[in-house]
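J.: start.cif (mmCIF, N, CA, C and O atoms) pasted underneath:
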```
data_entry
loop_
_atom_site.label_atom_id
_atom_site.label_comp_id
_atom_site.auth_asym_id
_atom_site.auth_seq_id
_atom_site.Cartn_x
_atom_site.Cartn_y
_atom_site.Cartn_z
N LEU J 1 12.00 21.72 -16.00
CA LEU J 1 12.98 22.75 -16.30
C LEU J 1 14.39 22.18 -16.38
O LEU J 1 15.31 22.91 -16.67
N GLN J 2 14.54 20.90 -16.13
CA GLN J 2 15.86 20.29 -16.17
C GLN J 2 16.46 20.42 -17.56
O GLN J 2 17.63 20.73 -17.71
N HIS J 3 15.64 20.16 -18.59
CA HIS J 3 16.19 20.20 -19.94
C HIS J 3 16.47 21.62 -20.42
O HIS J 3 17.19 21.83 -21.37
N LEU J 4 15.90 22.61 -19.73
CA LEU J 4 16.16 24.00 -20.10
C LEU J 4 17.49 24.49 -19.56
O LEU J 4 18.03 25.48 -20.02
N GLY J 5 18.01 23.80 -18.58
CA GLY J 5 19.30 24.16 -18.02
C GLY J 5 19.22 25.37 -17.12
O GLY J 5 18.16 25.77 -16.66
N SER J 6 20.35 25.97 -16.89
CA SER J 6 20.40 27.12 -15.99
C SER J 6 19.83 28.38 -16.63
O SER J 6 19.54 29.35 -15.96
N SER J 7 19.64 28.38 -17.95
CA SER J 7 19.12 29.58 -18.61
C SER J 7 17.64 29.81 -18.30
O SER J 7 17.15 30.90 -18.49
N ALA J 8 16.92 28.77 -17.80
CA ALA J 8 15.51 28.96 -17.47
C ALA J 8 15.35 29.88 -16.28
O ALA J 8 14.37 30.60 -16.18
N SER J 9 16.32 29.85 -15.36
CA SER J 9 16.20 30.69 -14.18
C SER J 9 16.42 32.16 -14.51
O SER J 9 16.02 33.03 -13.76
N CYS J 10 17.04 32.45 -15.63
CA CYS J 10 17.31 33.85 -15.95
C CYS J 10 16.01 34.60 -16.25
O CYS J 10 15.91 35.79 -15.99
N LEU J 11 15.00 33.91 -16.78
CA LEU J 11 13.72 34.55 -17.08
C LEU J 11 13.04 34.99 -15.79
O LEU J 11 12.45 36.06 -15.72
N TRP J 12 13.13 34.15 -14.77
CA TRP J 12 12.49 34.47 -13.50
C TRP J 12 13.21 35.65 -12.82
O TRP J 12 12.61 36.36 -12.03
N LEU J 13 14.48 35.84 -13.12
CA LEU J 13 15.22 36.95 -12.52
C LEU J 13 15.08 38.24 -13.32
O LEU J 13 15.61 39.26 -12.93
N GLY J 14 14.39 38.18 -14.45
CA GLY J 14 14.17 39.36 -15.26
C GLY J 14 15.30 39.64 -16.22
O GLY J 14 15.38 40.72 -16.79
N MET J 15 16.18 38.70 -16.40
CA MET J 15 17.31 38.88 -17.31
C MET J 15 16.94 38.27 -18.66
O MET J 15 15.97 37.55 -18.80
N SER J 16 17.71 38.56 -19.66
CA SER J 16 17.44 37.95 -20.97
C SER J 16 18.09 36.57 -21.01
O SER J 16 19.17 36.36 -20.48
N CYS J 17 17.42 35.63 -21.64
CA CYS J 17 17.91 34.26 -21.72
C CYS J 17 18.70 34.08 -23.01
O CYS J 17 18.19 34.35 -24.09
N PRO J 18 19.93 33.60 -22.92
CA PRO J 18 20.75 33.47 -24.12
C PRO J 18 20.34 32.30 -25.02
O PRO J 18 20.34 32.43 -26.23
N ASP J 19 19.93 31.17 -24.46
CA ASP J 19 19.71 29.96 -25.25
C ASP J 19 18.27 29.81 -25.74
O ASP J 19 18.03 29.27 -26.81
N TYR J 20 17.32 30.22 -24.95
CA TYR J 20 15.91 29.99 -25.27
C TYR J 20 15.19 31.32 -25.38
O TYR J 20 15.39 32.23 -24.58
N SER J 21 14.29 31.38 -26.34
CA SER J 21 13.50 32.60 -26.47
C SER J 21 12.37 32.57 -25.46
O SER J 21 12.01 31.54 -24.93
N ARG J 22 11.79 33.73 -25.21
CA ARG J 22 10.65 33.81 -24.30
C ARG J 22 9.47 33.02 -24.83
O ARG J 22 8.72 32.42 -24.07
N ALA J 23 9.32 32.97 -26.13
CA ALA J 23 8.21 32.21 -26.72
C ALA J 23 8.34 30.73 -26.42
O ALA J 23 7.35 30.05 -26.11
N THR J 24 9.56 30.21 -26.47
CA THR J 24 9.78 28.80 -26.15
C THR J 24 9.44 28.50 -24.71
O THR J 24 8.78 27.50 -24.40
N LEU J 25 9.85 29.38 -23.81
CA LEU J 25 9.54 29.18 -22.40
C LEU J 25 8.05 29.32 -22.13
O LEU J 25 7.50 28.59 -21.30
N LEU J 26 7.38 30.23 -22.81
CA LEU J 26 5.93 30.37 -22.63
C LEU J 26 5.19 29.14 -23.13
O LEU J 26 4.20 28.72 -22.55
N LYS J 27 5.68 28.54 -24.22
CA LYS J 27 5.08 27.29 -24.70
C LYS J 27 5.25 26.19 -23.67
O LYS J 27 4.35 25.39 -23.44
N PHE J 28 6.41 26.15 -23.04
CA PHE J 28 6.67 25.16 -22.02
C PHE J 28 5.72 25.35 -20.83
O PHE J 28 5.13 24.39 -20.32
N VAL J 29 5.56 26.58 -20.39
CA VAL J 29 4.65 26.88 -19.27
C VAL J 29 3.22 26.56 -19.65
O VAL J 29 2.46 26.02 -18.84
N ARG J 30 2.83 26.85 -20.88
CA ARG J 30 1.48 26.54 -21.35
C ARG J 30 1.25 25.02 -21.34
O ARG J 30 0.18 24.55 -20.95
N THR J 31 2.24 24.26 -21.73
CA THR J 31 2.13 22.80 -21.71
C THR J 31 1.95 22.30 -20.29
O THR J 31 1.15 21.40 -20.04
N LEU J 32 2.68 22.88 -19.37
CA LEU J 32 2.51 22.49 -17.96
C LEU J 32 1.10 22.81 -17.48
O LEU J 32 0.52 22.03 -16.73
N ARG J 33 0.57 23.96 -17.88
CA ARG J 33 -0.79 24.32 -17.49
C ARG J 33 -1.81 23.34 -18.03
O ARG J 33 -2.74 22.95 -17.34
N ILE J 34 -1.64 22.93 -19.28
CA ILE J 34 -2.57 21.97 -19.89
C ILE J 34 -2.49 20.64 -19.16
O ILE J 34 -3.52 20.01 -18.89
N ALA J 35 -1.30 20.20 -18.80
CA ALA J 35 -1.15 18.95 -18.06
C ALA J 35 -1.81 19.04 -16.70
O ALA J 35 -2.48 18.11 -16.25
N ARG J 36 -1.68 20.20 -16.04
CA ARG J 36 -2.31 20.39 -14.74
C ARG J 36 -3.83 20.39 -14.86
O ARG J 36 -4.54 19.85 -14.02
N MET J 37 -4.36 21.00 -15.92
CA MET J 37 -5.82 21.01 -16.13
C MET J 37 -6.33 19.60 -16.40
O MET J 37 -7.39 19.22 -15.92
N ALA J 38 -5.58 18.81 -17.15
CA ALA J 38 -5.99 17.44 -17.43
C ALA J 38 -6.04 16.63 -16.14
O ALA J 38 -6.96 15.83 -15.93
N GLN J 39 -5.09 16.87 -15.26
CA GLN J 39 -5.08 16.18 -13.98
C GLN J 39 -6.28 16.61 -13.13
O GLN J 39 -6.91 15.79 -12.49
N ALA J 40 -6.60 17.88 -13.16
CA ALA J 40 -7.76 18.37 -12.40
C ALA J 40 -9.06 17.77 -12.94
O ALA J 40 -9.96 17.42 -12.16
N MET J 41 -9.15 17.61 -14.23
CA MET J 41 -10.35 16.99 -14.82
C MET J 41 -10.47 15.53 -14.39
O MET J 41 -11.57 15.04 -14.15
N ARG J 42 -9.35 14.84 -14.27
CA ARG J 42 -9.37 13.45 -13.83
C ARG J 42 -9.89 13.36 -12.40
O ARG J 42 -10.68 12.48 -12.08
N VAL J 43 -9.46 14.29 -11.55
CA VAL J 43 -9.94 14.31 -10.17
C VAL J 43 -11.43 14.58 -10.13
O VAL J 43 -12.17 13.96 -9.36
N LEU J 44 -11.91 15.48 -10.96
CA LEU J 44 -13.34 15.76 -11.01
C LEU J 44 -14.13 14.54 -11.47
O LEU J 44 -15.21 14.26 -10.96
N ARG J 45 -13.58 13.80 -12.43
CA ARG J 45 -14.25 12.60 -12.93
C ARG J 45 -14.35 11.55 -11.83
O ARG J 45 -15.38 10.92 -11.67
N ILE J 46 -13.29 11.39 -11.05
CA ILE J 46 -13.32 10.44 -9.93
C ILE J 46 -14.34 10.89 -8.90
O ILE J 46 -15.08 10.08 -8.34
N GLY J 47 -14.42 12.19 -8.66
CA GLY J 47 -15.40 12.72 -7.72
C GLY J 47 -16.82 12.42 -8.16
O GLY J 47 -17.68 12.09 -7.34
N ARG J 48 -17.09 12.53 -9.46
CA ARG J 48 -18.44 12.21 -9.97
C ARG J 48 -18.76 10.74 -9.80
O ARG J 48 -19.89 10.38 -9.46
N ILE J 49 -17.79 9.89 -10.03
CA ILE J 49 -18.02 8.45 -9.86
C ILE J 49 -18.32 8.13 -8.41
O ILE J 49 -19.23 7.36 -8.10
N ILE J 50 -17.58 8.75 -7.51
CA ILE J 50 -17.82 8.52 -6.08
C ILE J 50 -19.20 9.04 -5.68
O ILE J 50 -19.92 8.40 -4.93
N ASP J 51 -19.58 10.21 -6.18
CA ASP J 51 -20.91 10.74 -5.88
C ASP J 51 -22.01 9.82 -6.39
O ASP J 51 -23.03 9.63 -5.73
N ARG J 52 -21.79 9.24 -7.56
CA ARG J 52 -22.79 8.36 -8.14
C ARG J 52 -23.00 7.11 -7.30
O ARG J 52 -24.10 6.58 -7.20
N HIS J 53 -21.93 6.63 -6.67
CA HIS J 53 -22.01 5.39 -5.89
C HIS J 53 -21.90 5.66 -4.39
O HIS J 53 -21.51 4.77 -3.63
N ALA J 54 -22.26 6.83 -3.96
CA ALA J 54 -22.11 7.21 -2.55
C ALA J 54 -22.95 6.34 -1.63
O ALA J 54 -22.51 5.96 -0.54
N ASP J 55 -24.17 6.00 -2.05
CA ASP J 55 -25.02 5.17 -1.20
C ASP J 55 -24.41 3.78 -1.00
O ASP J 55 -24.45 3.23 0.10
N ASP J 56 -23.87 3.22 -2.07
CA ASP J 56 -23.24 1.91 -1.95
C ASP J 56 -22.01 1.98 -1.04
O ASP J 56 -21.77 1.09 -0.23
N LEU J 57 -21.23 3.05 -1.19
CA LEU J 57 -20.05 3.22 -0.36
C LEU J 57 -20.42 3.43 1.11
O LEU J 57 -19.74 2.96 2.00
N PHE J 58 -21.54 4.12 1.35
CA PHE J 58 -21.98 4.33 2.73
C PHE J 58 -22.32 3.00 3.38
O PHE J 58 -21.99 2.77 4.54
N THR J 59 -22.97 2.11 2.63
CA THR J 59 -23.30 0.79 3.17
C THR J 59 -22.03 0.01 3.49
O THR J 59 -21.95 -0.65 4.53
N VAL J 60 -21.04 0.10 2.62
CA VAL J 60 -19.77 -0.59 2.86
C VAL J 60 -19.05 0.02 4.06
O VAL J 60 -18.46 -0.70 4.86
N MET J 61 -19.11 1.34 4.20
CA MET J 61 -18.42 2.01 5.30
C MET J 61 -18.99 1.59 6.66
O MET J 61 -18.28 1.63 7.66
N LEU J 62 -20.26 1.21 6.71
CA LEU J 62 -20.83 0.75 7.96
C LEU J 62 -20.18 -0.55 8.43
O LEU J 62 -20.06 -0.79 9.63
N PHE J 63 -19.78 -1.40 7.50
CA PHE J 63 -19.20 -2.68 7.86
C PHE J 63 -17.68 -2.65 7.94
O PHE J 63 -17.05 -3.65 8.28
N LEU J 64 -17.07 -1.54 7.64
CA LEU J 64 -15.62 -1.45 7.64
C LEU J 64 -15.01 -1.70 9.02
O LEU J 64 -14.03 -2.46 9.12
N PRO J 65 -15.51 -1.13 10.12
CA PRO J 65 -14.92 -1.46 11.43
C PRO J 65 -15.04 -2.94 11.78
O PRO J 65 -14.09 -3.52 12.33
N LEU J 66 -16.15 -3.55 11.42
CA LEU J 66 -16.32 -4.99 11.66
C LEU J 66 -15.31 -5.79 10.84
O LEU J 66 -14.69 -6.74 11.33
N LEU J 67 -15.11 -5.39 9.60
CA LEU J 67 -14.16 -6.07 8.73
C LEU J 67 -12.73 -5.91 9.26
O LEU J 67 -11.94 -6.87 9.25
N LYS J 68 -12.39 -4.72 9.75
CA LYS J 68 -11.06 -4.49 10.32
C LYS J 68 -10.83 -5.38 11.54
O LYS J 68 -9.77 -5.97 11.70
N THR J 69 -11.83 -5.45 12.41
CA THR J 69 -11.72 -6.28 13.61
C THR J 69 -11.57 -7.75 13.24
O THR J 69 -10.74 -8.46 13.82
N LEU J 70 -12.34 -8.20 12.28
CA LEU J 70 -12.26 -9.59 11.84
C LEU J 70 -10.89 -9.89 11.24
O LEU J 70 -10.28 -10.92 11.54
N LEU J 71 -10.40 -9.00 10.43
CA LEU J 71 -9.08 -9.19 9.82
C LEU J 71 -7.98 -9.22 10.88
O LEU J 71 -7.08 -10.07 10.82
N ALA J 72 -8.05 -8.32 11.84
CA ALA J 72 -7.06 -8.30 12.91
C ALA J 72 -7.11 -9.59 13.73
O ALA J 72 -6.06 -10.16 14.07
N THR J 73 -8.31 -10.09 13.99
CA THR J 73 -8.46 -11.35 14.74
C THR J 73 -7.86 -12.52 13.97
O THR J 73 -7.17 -13.36 14.54
N VAL J 74 -8.12 -12.57 12.68
CA VAL J 74 -7.58 -13.65 11.85
C VAL J 74 -6.06 -13.59 11.82
O VAL J 74 -5.38 -14.61 11.93
N LEU J 75 -5.50 -12.40 11.69
CA LEU J 75 -4.04 -12.26 11.65
C LEU J 75 -3.39 -12.67 12.98
O LEU J 75 -2.37 -13.36 13.00
N VAL J 76 -3.99 -12.27 14.08
CA VAL J 76 -3.45 -12.64 15.40
C VAL J 76 -3.56 -14.15 15.60
O VAL J 76 -2.62 -14.80 16.09
N ALA J 77 -4.70 -14.73 15.23
CA ALA J 77 -4.88 -16.18 15.36
C ALA J 77 -3.87 -16.93 14.50
O ALA J 77 -3.30 -17.94 14.92
N HIS J 78 -3.63 -16.43 13.29
CA HIS J 78 -2.65 -17.07 12.41
C HIS J 78 -1.25 -17.00 13.02
O HIS J 78 -0.50 -17.99 13.00
N PHE J 79 -0.90 -15.87 13.58
CA PHE J 79 0.40 -15.71 14.21
C PHE J 79 0.59 -16.70 15.36
O PHE J 79 1.62 -17.37 15.45
N PHE J 80 -0.42 -16.82 16.22
CA PHE J 80 -0.30 -17.75 17.34
C PHE J 80 -0.33 -19.20 16.88
O PHE J 80 0.33 -20.06 17.47
N ALA J 81 -1.05 -19.49 15.81
CA ALA J 81 -1.03 -20.85 15.27
C ALA J 81 0.36 -21.19 14.73
O ALA J 81 0.84 -22.33 14.90
N CYS J 82 1.00 -20.24 14.09
CA CYS J 82 2.36 -20.47 13.60
C CYS J 82 3.32 -20.70 14.77
O CYS J 82 4.20 -21.58 14.70
N LEU J 83 3.18 -19.93 15.85
CA LEU J 83 4.01 -20.15 17.03
C LEU J 83 3.76 -21.52 17.65
O LEU J 83 4.69 -22.23 18.04
N PHE J 84 2.49 -21.92 17.72
CA PHE J 84 2.14 -23.23 18.27
C PHE J 84 2.76 -24.34 17.43
O PHE J 84 3.33 -25.30 17.96
N TYR J 85 2.69 -24.19 16.11
CA TYR J 85 3.29 -25.19 15.22
C TYR J 85 4.81 -25.24 15.41
O TYR J 85 5.41 -26.31 15.46
N LEU J 86 5.42 -24.09 15.53
CA LEU J 86 6.87 -24.04 15.72
C LEU J 86 7.29 -24.76 16.99
O LEU J 86 8.20 -25.59 16.98
N PHE J 87 6.60 -24.47 18.09
CA PHE J 87 6.98 -25.08 19.36
C PHE J 87 6.48 -26.52 19.50
O PHE J 87 6.79 -27.19 20.48
N SER J 88 5.72 -27.01 18.53
CA SER J 88 5.29 -28.41 18.55
C SER J 88 6.26 -29.31 17.81
O SER J 88 6.07 -30.52 17.77
N GLN J 89 7.29 -28.76 17.23
CA GLN J 89 8.29 -29.53 16.51
C GLN J 89 9.10 -30.38 17.49
O GLN J 89 9.26 -30.02 18.66
N PRO J 90 9.62 -31.51 17.03
CA PRO J 90 10.40 -32.40 17.92
C PRO J 90 11.59 -31.72 18.59
O PRO J 90 12.01 -32.13 19.68
N GLU J 91 12.14 -30.69 17.98
CA GLU J 91 13.28 -30.00 18.59
C GLU J 91 12.92 -29.35 19.93
O GLU J 91 13.78 -29.11 20.77
N PHE J 92 11.64 -29.05 20.12
CA PHE J 92 11.20 -28.37 21.34
C PHE J 92 10.57 -29.32 22.36
O PHE J 92 10.08 -28.88 23.39
N TRP J 93 10.54 -30.63 22.08
CA TRP J 93 9.98 -31.59 23.02
C TRP J 93 10.93 -31.77 24.20
O TRP J 93 12.15 -31.73 24.05
N THR J 94 10.35 -32.03 25.37
CA THR J 94 11.18 -32.35 26.53
C THR J 94 11.63 -33.80 26.40
O THR J 94 11.12 -34.58 25.59
N LYS J 95 12.58 -34.19 27.23
CA LYS J 95 13.08 -35.58 27.22
C LYS J 95 11.95 -36.56 27.53
O LYS J 95 11.83 -37.62 26.92
N GLU J 96 11.10 -36.16 28.45
CA GLU J 96 9.97 -37.01 28.83
C GLU J 96 9.01 -37.22 27.67
O GLU J 96 8.56 -38.34 27.41
N GLU J 97 8.71 -36.12 26.96
CA GLU J 97 7.82 -36.23 25.80
C GLU J 97 8.45 -37.08 24.70
O GLU J 97 7.75 -37.88 24.05
N GLN J 98 9.73 -36.95 24.50
CA GLN J 98 10.41 -37.76 23.49
C GLN J 98 10.33 -39.25 23.83
O GLN J 98 10.12 -40.09 22.95
N GLN J 99 10.44 -39.57 25.11
CA GLN J 99 10.33 -40.97 25.54
C GLN J 99 8.92 -41.50 25.33
O GLN J 99 8.73 -42.63 24.87
N PHE J 100 7.91 -40.68 25.65
CA PHE J 100 6.52 -41.10 25.46
C PHE J 100 6.22 -41.35 23.98
O PHE J 100 5.56 -42.32 23.63
N VAL J 101 6.69 -40.47 23.12
CA VAL J 101 6.44 -40.62 21.69
C VAL J 101 7.17 -41.85 21.16
O VAL J 101 6.64 -42.64 20.37
N ALA J 102 8.41 -42.06 21.61
CA ALA J 102 9.19 -43.21 21.15
C ALA J 102 8.57 -44.52 21.60
O ALA J 102 8.58 -45.51 20.85
N SER J 103 8.00 -44.55 22.81
CA SER J 103 7.39 -45.79 23.30
C SER J 103 5.99 -46.00 22.74
O SER J 103 5.43 -47.07 22.86
N GLY J 104 5.41 -44.98 22.13
CA GLY J 104 4.06 -45.10 21.58
C GLY J 104 2.98 -44.80 22.59
O GLY J 104 1.79 -45.05 22.33
N SER J 105 3.34 -44.29 23.77
CA SER J 105 2.33 -43.97 24.78
C SER J 105 1.44 -42.82 24.35
O SER J 105 0.25 -42.80 24.66
N ILE J 106 2.02 -41.85 23.65
CA ILE J 106 1.22 -40.75 23.13
C ILE J 106 1.50 -40.62 21.64
O ILE J 106 2.58 -40.97 21.17
N ALA J 107 0.52 -40.13 20.95
CA ALA J 107 0.68 -39.89 19.50
C ALA J 107 0.71 -38.38 19.28
O ALA J 107 -0.01 -37.62 19.93
N THR J 108 1.54 -37.98 18.36
CA THR J 108 1.62 -36.55 18.05
C THR J 108 0.67 -36.24 16.89
O THR J 108 0.34 -37.11 16.08
N TRP J 109 0.26 -35.05 16.83
CA TRP J 109 -0.59 -34.63 15.71
C TRP J 109 0.26 -34.21 14.51
O TRP J 109 -0.23 -34.03 13.42
N LEU J 110 1.55 -34.06 14.73
CA LEU J 110 2.47 -33.72 13.64
C LEU J 110 3.05 -35.00 13.06
O LEU J 110 3.35 -35.94 13.78
N THR J 111 3.20 -35.02 11.77
CA THR J 111 3.92 -36.13 11.14
C THR J 111 5.28 -35.59 10.72
O THR J 111 5.39 -34.57 10.06
N THR J 112 6.32 -36.24 11.16
CA THR J 112 7.66 -35.76 10.87
C THR J 112 8.31 -36.52 9.74
O THR J 112 7.92 -37.54 9.35
#
```
Go ahead and render the structure in this file as structure tokens.
T.:
Amino acid sequence: LQHLGSSASCLWLGMSCPDYSRATLLKFVRTLRIARMAQAMRVLRIGRIIDRHADDLFTVMLFLPLLKTLLATVLVAHFFACLFYLFSQPEFWTKEEQQFVASGSIATWLTT
């Protein structure tokens, strides 16, 4: 109704519209109805596809909690691995560790 301007509201108030005829507004409303029906048909089509593959989806739904748990575990492990890598950098070594590495007493798993 943006392109109709303020004159579109006059029809709803029962007044006569100066710029647009009632036929023009009815065509606009009819177009909106057709668009809404097309959207409803799309939803029905998706519903039919889901019904057709419901058994396959049911099998997948059984494994969904396991998949969620596995994904959460992998994300938490990745986060802690990143923290471990961060704190393994030479900037976080103690003076004693720096001396051991410099003398060759211990080898680091990181290459700097």
J.: Quick check on the file I pasted: which residues fall under the PyMOL selection byres (((chain J and resi 100-111 and name CA) around 12) and name CA)? Write them as JSON, numbers by chain.
T.: {"J": [84, 85, 86, 87, 88, 89, 90, 93, 94, 95, 96, 97, 98, 99, 112]}
J.: Using atom CA of Phe92 of chain J and atom CA of Phe80 of chain J as the two end points, give the distance in Å to one decimal.
T.: 16.2 Å
J.: Hey, can you check how far atom C of Pro65 of chain J sits from atom C of Ala81 of chain J?
T.: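 A separation of 24.1 Å between them.
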J.: Would you work out the distance separating atom N of Ile49 of chain J from atom N of Leu32 of chain J, expressed in Å to one decimal?
T.: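 Going from atom N of Ile49 of chain J over to atom N of Leu32 of chain J, I get 26.0 Å.
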